[in-house]
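Participant: Mind looking over this structure? Questions follow.
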Amino acid sequence: MAPYRVGLIGCGRIGSEFEDRFQQHPVSIAGAFAALPECQLVAGCNRGRERLERFGERWGVTALYQDYQEMLRSEPLDIVAVATPPAAHRDQVVAAAEAGVRGIFCEKPMALSLGECDDMIAACRESGATLLVNCSRRWDGLHEAVRRGGEAGRWGRLLHLVGYCQGCKPLPEWEADHEGPLLHDAVHLYDIMRFFAGDVEWVLGTASRRSRLDLRLEDTSMAILQFISGVQGVAIVDELTEFSHFRLELHFERGLVTLGANTSGLKSVPAEASSEPWWQELAPDALPVPAWEGTPMLNAARDLVRCLQTGTRPRSSGEDGRAALEIIMALYESERRGHAPVTLPLDEPRPMLEVLREEGIY
């Protein structure tokens with residue numbers, strides 16, 4: 001069988017350049033597809049010529065374009081990866097689906113509005129394309145092992161989720177007019193909360209400017225989430241700290257699991273627990289063995305290939321990408337309503353950040 005022909009739209013950091021900045025590989029989209037024997041990276045598109053040429057030299061690709069429509073017309077592609085800023089995702093994903101591309105790998109956040117997400121999902125459904133949204137922690141072996149342990153009742157019932165996403169931006173490359181800390185980074189947090197606890201019933205929170213008044217968007221968000229499963233969640237997101245901090249705590253009846261870049265750990269109730277469990281101290285315990293090896297980026301690319309071969313659904317589909325974005329749109333709506341609870345689904349197709357600006361809240 002001939003390899004799947006892959007084209008990349010957006011040859012910047014996550015698209016290609018991360019590959020030469022980290023010790024772990026592959027960590028870029030180009031690196032992941034280049035590492036798969038079932039795939040061949042054959043084309044790239046980027047508005048800026050300098051990055052485009054670096055991409056071509058790095059991966060041995062000669063079909064280079066500055067117009068994605070031209071690339072789609074000229075190249076018979078099986079897979080298109082979209083690694084541009086989210087304002088461009090809707091048009092590029094729809095164009096790829098209409099061009100007959102079979103698999104579309106879209107970087108997070110999926111888009112800037114629920115209406116755009118709906119257009120992308122509809123275009124892929126109509127064309128039969130598989131749409132994968134890269135909420136990468138779903139393909140991390142440790143996250144999957146913890147999910148399996150929780151579903152098996154290893155630590156009792158899951159009660160609460162507590163998440164932190166702080167200090168990850170700004171960078172010069174950050175599209176600050178369109179995506180603040182909620183959209184750019186916390187979309188990972190809310191997606192992985194759904195991964196463990198399921199769909200959200202209602203959201204209450206803030207999306208405010210506490211001290212970064214130079215920004216045209218939030219610098220702080222506090223959120224309370226009620227999941228349909230009964231699990232409750234709290235999230236702290238801000239752009240105020242001078243350090244980067246991403247962590248999720250899973251509070252079970254008999255254990256506390258912490259998942260973070262350098263902070264993963266487990267404490268649980270010892271087997272020889274006292275007869276007074278309400279004052280029982282947790283003791284260090286061993287985390288479960290990761291369910292699989294490989295970087296999340298490699299596993300995500302491999303998952304898309306699996307979907308094309310089997311006709312199954314990816315671990316993070318267009319519907320999953322939309323659901324994570326909906327939580328963030330609901331937080332903006334809660335801010336708009338004076339921090340009132342917002343029940344999902346949210347019936348607002350417009351970009352909520354723009355709505356807040358139009359109404360003078362930002």
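Note on naming: chains are A, B, ... as they come in the structure tokens, residues start from 1 per chain, ligands start from 1 in the order shown.
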Restrict the calculation to only C-alpha atoms, then for each residue of region 36-138 of chain A with any atom at most 12 Å from an atom of region 329-339 of chain A give the closest atom pair and their distance in Å to one decimal, rows by chain and rising residue number, as a Markdown table.

Facilitator:
| residue | atom | partner | partner_atom | distance |
| --- | --- | --- | --- | --- |
| A:Pro109 | CA | A:Met329 | CA | 11.9 |
| A:Ala111 | CA | A:Met329 | CA | 11.2 |
| A:Leu112 | CA | A:Met329 | CA | 9.0 |
| A:Ser113 | CA | A:Met329 | CA | 7.7 |
| A:Leu114 | CA | A:Met329 | CA | 8.0 |
| A:Gly115 | CA | A:Met329 | CA | 11.3 |

Participant: Write out as JSON, numbers by chain which residues come within 9 Å of region 76-90 of chain A when counting only C-alpha atoms, dropping same-chain ones fewer than 6 positions away.

Facilitator: {"A": [4, 5, 6, 7, 8, 9, 10, 11, 12, 13, 14, 15, 29, 30, 39, 42, 43, 46, 96, 99, 100, 101, 102, 103, 104, 105, 106, 107, 108, 109, 110, 111, 112, 116, 117, 119, 120, 174, 175, 178, 179, 304, 305]}

Participant: Could you pull out the strand (DSSP E) residues of region 106-335 of chain A from DSSP and send them as a PyMOL selection string?

Facilitator: chain A and resi 106-107+130-134+158-166+200-205+220-227+232-238+245-252+255-260+265-268+283-285

Participant: Would you mind exporting C-alpha atoms of the selected residues as an mmCIF file, in the first residue's frame?

Facilitator:
data_model
loop_
_atom_site.group_PDB
_atom_site.id
_atom_site.type_symbol
_atom_site.label_atom_id
_atom_site.label_comp_id
_atom_site.auth_asym_id
_atom_site.auth_seq_id
_atom_site.Cartn_x
_atom_site.Cartn_y
_atom_site.Cartn_z
ATOM 1 C CA CYS A 106 -6.140 20.344 13.358
ATOM 2 C CA GLU A 107 -4.097 22.033 16.067
ATOM 3 C CA THR A 130 -11.886 12.263 9.627
ATOM 4 C CA LEU A 131 -11.225 15.359 11.761
ATOM 5 C CA LEU A 132 -8.766 15.075 14.661
ATOM 6 C CA VAL A 133 -8.201 18.005 17.049
ATOM 7 C CA ASN A 134 -4.811 17.912 18.760
ATOM 8 C CA LEU A 158 -13.768 10.349 41.388
ATOM 9 C CA LEU A 159 -15.041 13.339 43.372
ATOM 10 C CA HIS A 160 -13.273 16.504 42.255
ATOM 11 C CA LEU A 161 -10.895 17.880 39.644
ATOM 12 C CA VAL A 162 -8.666 20.858 40.451
ATOM 13 C CA GLY A 163 -6.707 22.375 37.586
ATOM 14 C CA TYR A 164 -4.078 25.073 37.165
ATOM 15 C CA CYS A 165 -2.882 26.774 33.978
ATOM 16 C CA GLN A 166 -0.706 29.761 34.801
ATOM 17 C CA VAL A 200 -20.125 19.424 31.553
ATOM 18 C CA GLU A 201 -23.600 20.368 32.796
ATOM 19 C CA TRP A 202 -22.929 23.986 33.782
ATOM 20 C CA VAL A 203 -20.097 26.466 34.190
ATOM 21 C CA LEU A 204 -19.702 29.451 36.500
ATOM 22 C CA GLY A 205 -16.693 31.708 36.451
ATOM 23 C CA THR A 220 -7.337 35.851 34.917
ATOM 24 C CA SER A 221 -10.069 33.231 35.042
ATOM 25 C CA MET A 222 -11.587 31.293 37.924
ATOM 26 C CA ALA A 223 -14.053 28.540 37.094
ATOM 27 C CA ILE A 224 -16.398 26.062 38.745
ATOM 28 C CA LEU A 225 -17.616 23.182 36.595
ATOM 29 C CA GLN A 226 -20.419 20.731 37.304
ATOM 30 C CA PHE A 227 -20.087 17.558 35.245
ATOM 31 C CA GLN A 232 -17.143 18.787 40.306
ATOM 32 C CA GLY A 233 -14.210 20.832 39.034
ATOM 33 C CA VAL A 234 -12.314 24.014 39.842
ATOM 34 C CA ALA A 235 -9.823 25.714 37.525
ATOM 35 C CA ILE A 236 -7.396 28.604 38.015
ATOM 36 C CA VAL A 237 -6.115 30.172 34.807
ATOM 37 C CA ASP A 238 -4.074 33.347 34.644
ATOM 38 C CA HIS A 245 2.415 25.973 35.995
ATOM 39 C CA PHE A 246 0.134 23.383 34.379
ATOM 40 C CA ARG A 247 -1.312 20.709 36.665
ATOM 41 C CA LEU A 248 -4.441 18.652 37.159
ATOM 42 C CA GLU A 249 -5.355 17.053 40.468
ATOM 43 C CA LEU A 250 -7.810 14.155 40.518
ATOM 44 C CA HIS A 251 -9.400 13.725 43.934
ATOM 45 C CA PHE A 252 -10.727 10.200 44.417
ATOM 46 C CA GLY A 255 -6.412 8.642 46.417
ATOM 47 C CA LEU A 256 -5.039 11.869 44.997
ATOM 48 C CA VAL A 257 -3.461 11.757 41.530
ATOM 49 C CA THR A 258 -1.479 14.738 40.268
ATOM 50 C CA LEU A 259 -0.676 15.093 36.573
ATOM 51 C CA GLY A 260 1.711 17.788 35.373
ATOM 52 C CA GLY A 265 2.457 11.739 41.526
ATOM 53 C CA LEU A 266 0.044 9.603 43.499
ATOM 54 C CA LYS A 267 -0.930 9.390 47.141
ATOM 55 C CA SER A 268 -3.489 6.874 48.352
ATOM 56 C CA ALA A 283 0.742 7.851 51.766
ATOM 57 C CA PRO A 284 2.981 7.990 48.678
ATOM 58 C CA ASP A 285 2.067 5.359 46.117
#

Participant: In region 15-84 of chain A, what's alpha helix (DSSP H) per DSSP? Answer as a VMD selection string?

Facilitator: chain A and resid 29 to 35 49 to 59 68 to 74

Participant: Since we have the selection now, will you write its residues out, keeping N, CA and C atoms, as a short mmCIF file (atom, residue, chain, number, x, y, z; two decimals), in the first residue's frame?

Facilitator:
data_model
loop_
_atom_site.label_atom_id
_atom_site.label_comp_id
_atom_site.auth_asym_id
_atom_site.auth_seq_id
_atom_site.Cartn_x
_atom_site.Cartn_y
_atom_site.Cartn_z
N ILE A 29 4.38 18.53 14.53
CA ILE A 29 3.47 17.80 13.65
C ILE A 29 4.23 17.19 12.48
N ALA A 30 5.14 17.98 11.88
CA ALA A 30 5.93 17.45 10.78
C ALA A 30 6.77 16.27 11.24
N GLY A 31 7.38 16.38 12.41
CA GLY A 31 8.20 15.30 12.93
C GLY A 31 7.41 14.03 13.16
N ALA A 32 6.16 14.17 13.63
CA ALA A 32 5.34 13.00 13.92
C ALA A 32 4.99 12.26 12.64
N PHE A 33 4.52 12.97 11.62
CA PHE A 33 4.13 12.30 10.39
C PHE A 33 5.36 11.77 9.64
N ALA A 34 6.48 12.50 9.75
CA ALA A 34 7.70 12.02 9.10
C ALA A 34 8.20 10.73 9.73
N ALA A 35 7.87 10.51 11.00
CA ALA A 35 8.33 9.31 11.70
C ALA A 35 7.48 8.09 11.43
N ARG A 49 8.00 33.25 3.59
CA ARG A 49 8.88 32.42 2.78
C ARG A 49 10.04 31.83 3.58
N GLU A 50 10.57 32.60 4.54
CA GLU A 50 11.74 32.13 5.28
C GLU A 50 11.43 30.85 6.05
N ARG A 51 10.35 30.84 6.79
CA ARG A 51 9.97 29.63 7.53
C ARG A 51 9.65 28.48 6.58
N LEU A 52 9.02 28.80 5.48
CA LEU A 52 8.67 27.77 4.51
C LEU A 52 9.92 27.07 3.98
N GLU A 53 10.94 27.85 3.65
CA GLU A 53 12.17 27.26 3.13
C GLU A 53 12.90 26.46 4.20
N ARG A 54 12.87 26.94 5.44
CA ARG A 54 13.48 26.16 6.52
C ARG A 54 12.78 24.82 6.67
N PHE A 55 11.45 24.85 6.58
CA PHE A 55 10.68 23.60 6.65
C PHE A 55 11.09 22.65 5.53
N GLY A 56 11.18 23.15 4.31
CA GLY A 56 11.54 22.30 3.19
C GLY A 56 12.91 21.68 3.35
N GLU A 57 13.88 22.46 3.80
CA GLU A 57 15.22 21.94 4.02
C GLU A 57 15.24 20.92 5.16
N ARG A 58 14.51 21.20 6.23
CA ARG A 58 14.52 20.33 7.41
C ARG A 58 13.96 18.95 7.10
N TRP A 59 12.91 18.89 6.27
CA TRP A 59 12.20 17.63 6.06
C TRP A 59 12.35 17.08 4.65
N TYR A 68 -2.50 28.10 0.67
CA TYR A 68 -2.97 26.75 0.95
C TYR A 68 -3.96 26.26 -0.11
N GLN A 69 -4.74 27.19 -0.68
CA GLN A 69 -5.67 26.78 -1.73
C GLN A 69 -4.90 26.23 -2.93
N GLU A 70 -3.80 26.87 -3.27
CA GLU A 70 -2.97 26.38 -4.37
C GLU A 70 -2.40 25.01 -4.04
N MET A 71 -1.96 24.81 -2.80
CA MET A 71 -1.45 23.50 -2.41
C MET A 71 -2.52 22.43 -2.55
N LEU A 72 -3.73 22.73 -2.12
CA LEU A 72 -4.82 21.77 -2.19
C LEU A 72 -5.20 21.46 -3.64
N ARG A 73 -5.11 22.46 -4.51
CA ARG A 73 -5.41 22.22 -5.92
C ARG A 73 -4.32 21.42 -6.62
N SER A 74 -3.07 21.64 -6.20
CA SER A 74 -1.94 21.08 -6.94
C SER A 74 -1.49 19.72 -6.45
#

Participant: Would you mind reading off the distance between CA of Gly318 (chain A) and CA of Asp118 (chain A), one decimal, in Å?

Facilitator: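 Atom-to-atom, CA of Gly318 (chain A) and CA of Asp118 (chain A) are spaced 8.8 Å apart.
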
Participant: Under the rule that only C-alpha atoms are counted, which of A:Ala186, A:Thr62, A:Cys307, A:Ile228 is the nearest residue to Thr343 (chain A)?

Facilitator: A:Ile228

Participant: Rank A:Leu298, A:Met1, A:Leu41, A:Leu142 by their smallest atom-to-atom distance to Ser264 (chain A), using only C-alpha atoms, and report the top residue only.

Facilitator: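 Selected residue with least distance to Ser264 (chain A): A:Leu142.
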
Participant: Measuring atom to atom with only C-alpha atoms, identify which of A:Gln40, A:Pro3, A:Ser16, A:Gly141 is nearest to Ala300 (chain A).

Facilitator: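 That would be A:Gly141, the residue with the smallest distance to Ala300 (chain A).
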
Participant: I'd like to know which of A:Glu38, A:Leu213, A:Trp139, A:Val355 is closest to Leu240 (chain A), using only C-alpha atoms.

Facilitator: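 Closest candidate: A:Leu213.
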
Participant: Nearest residue to Asp320 (chain A) out of A:His188, A:Arg147, A:Arg157, A:Arg47, using only C-alpha atoms?

Facilitator: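 Smallest distance to Asp320 (chain A) is found for A:His188.
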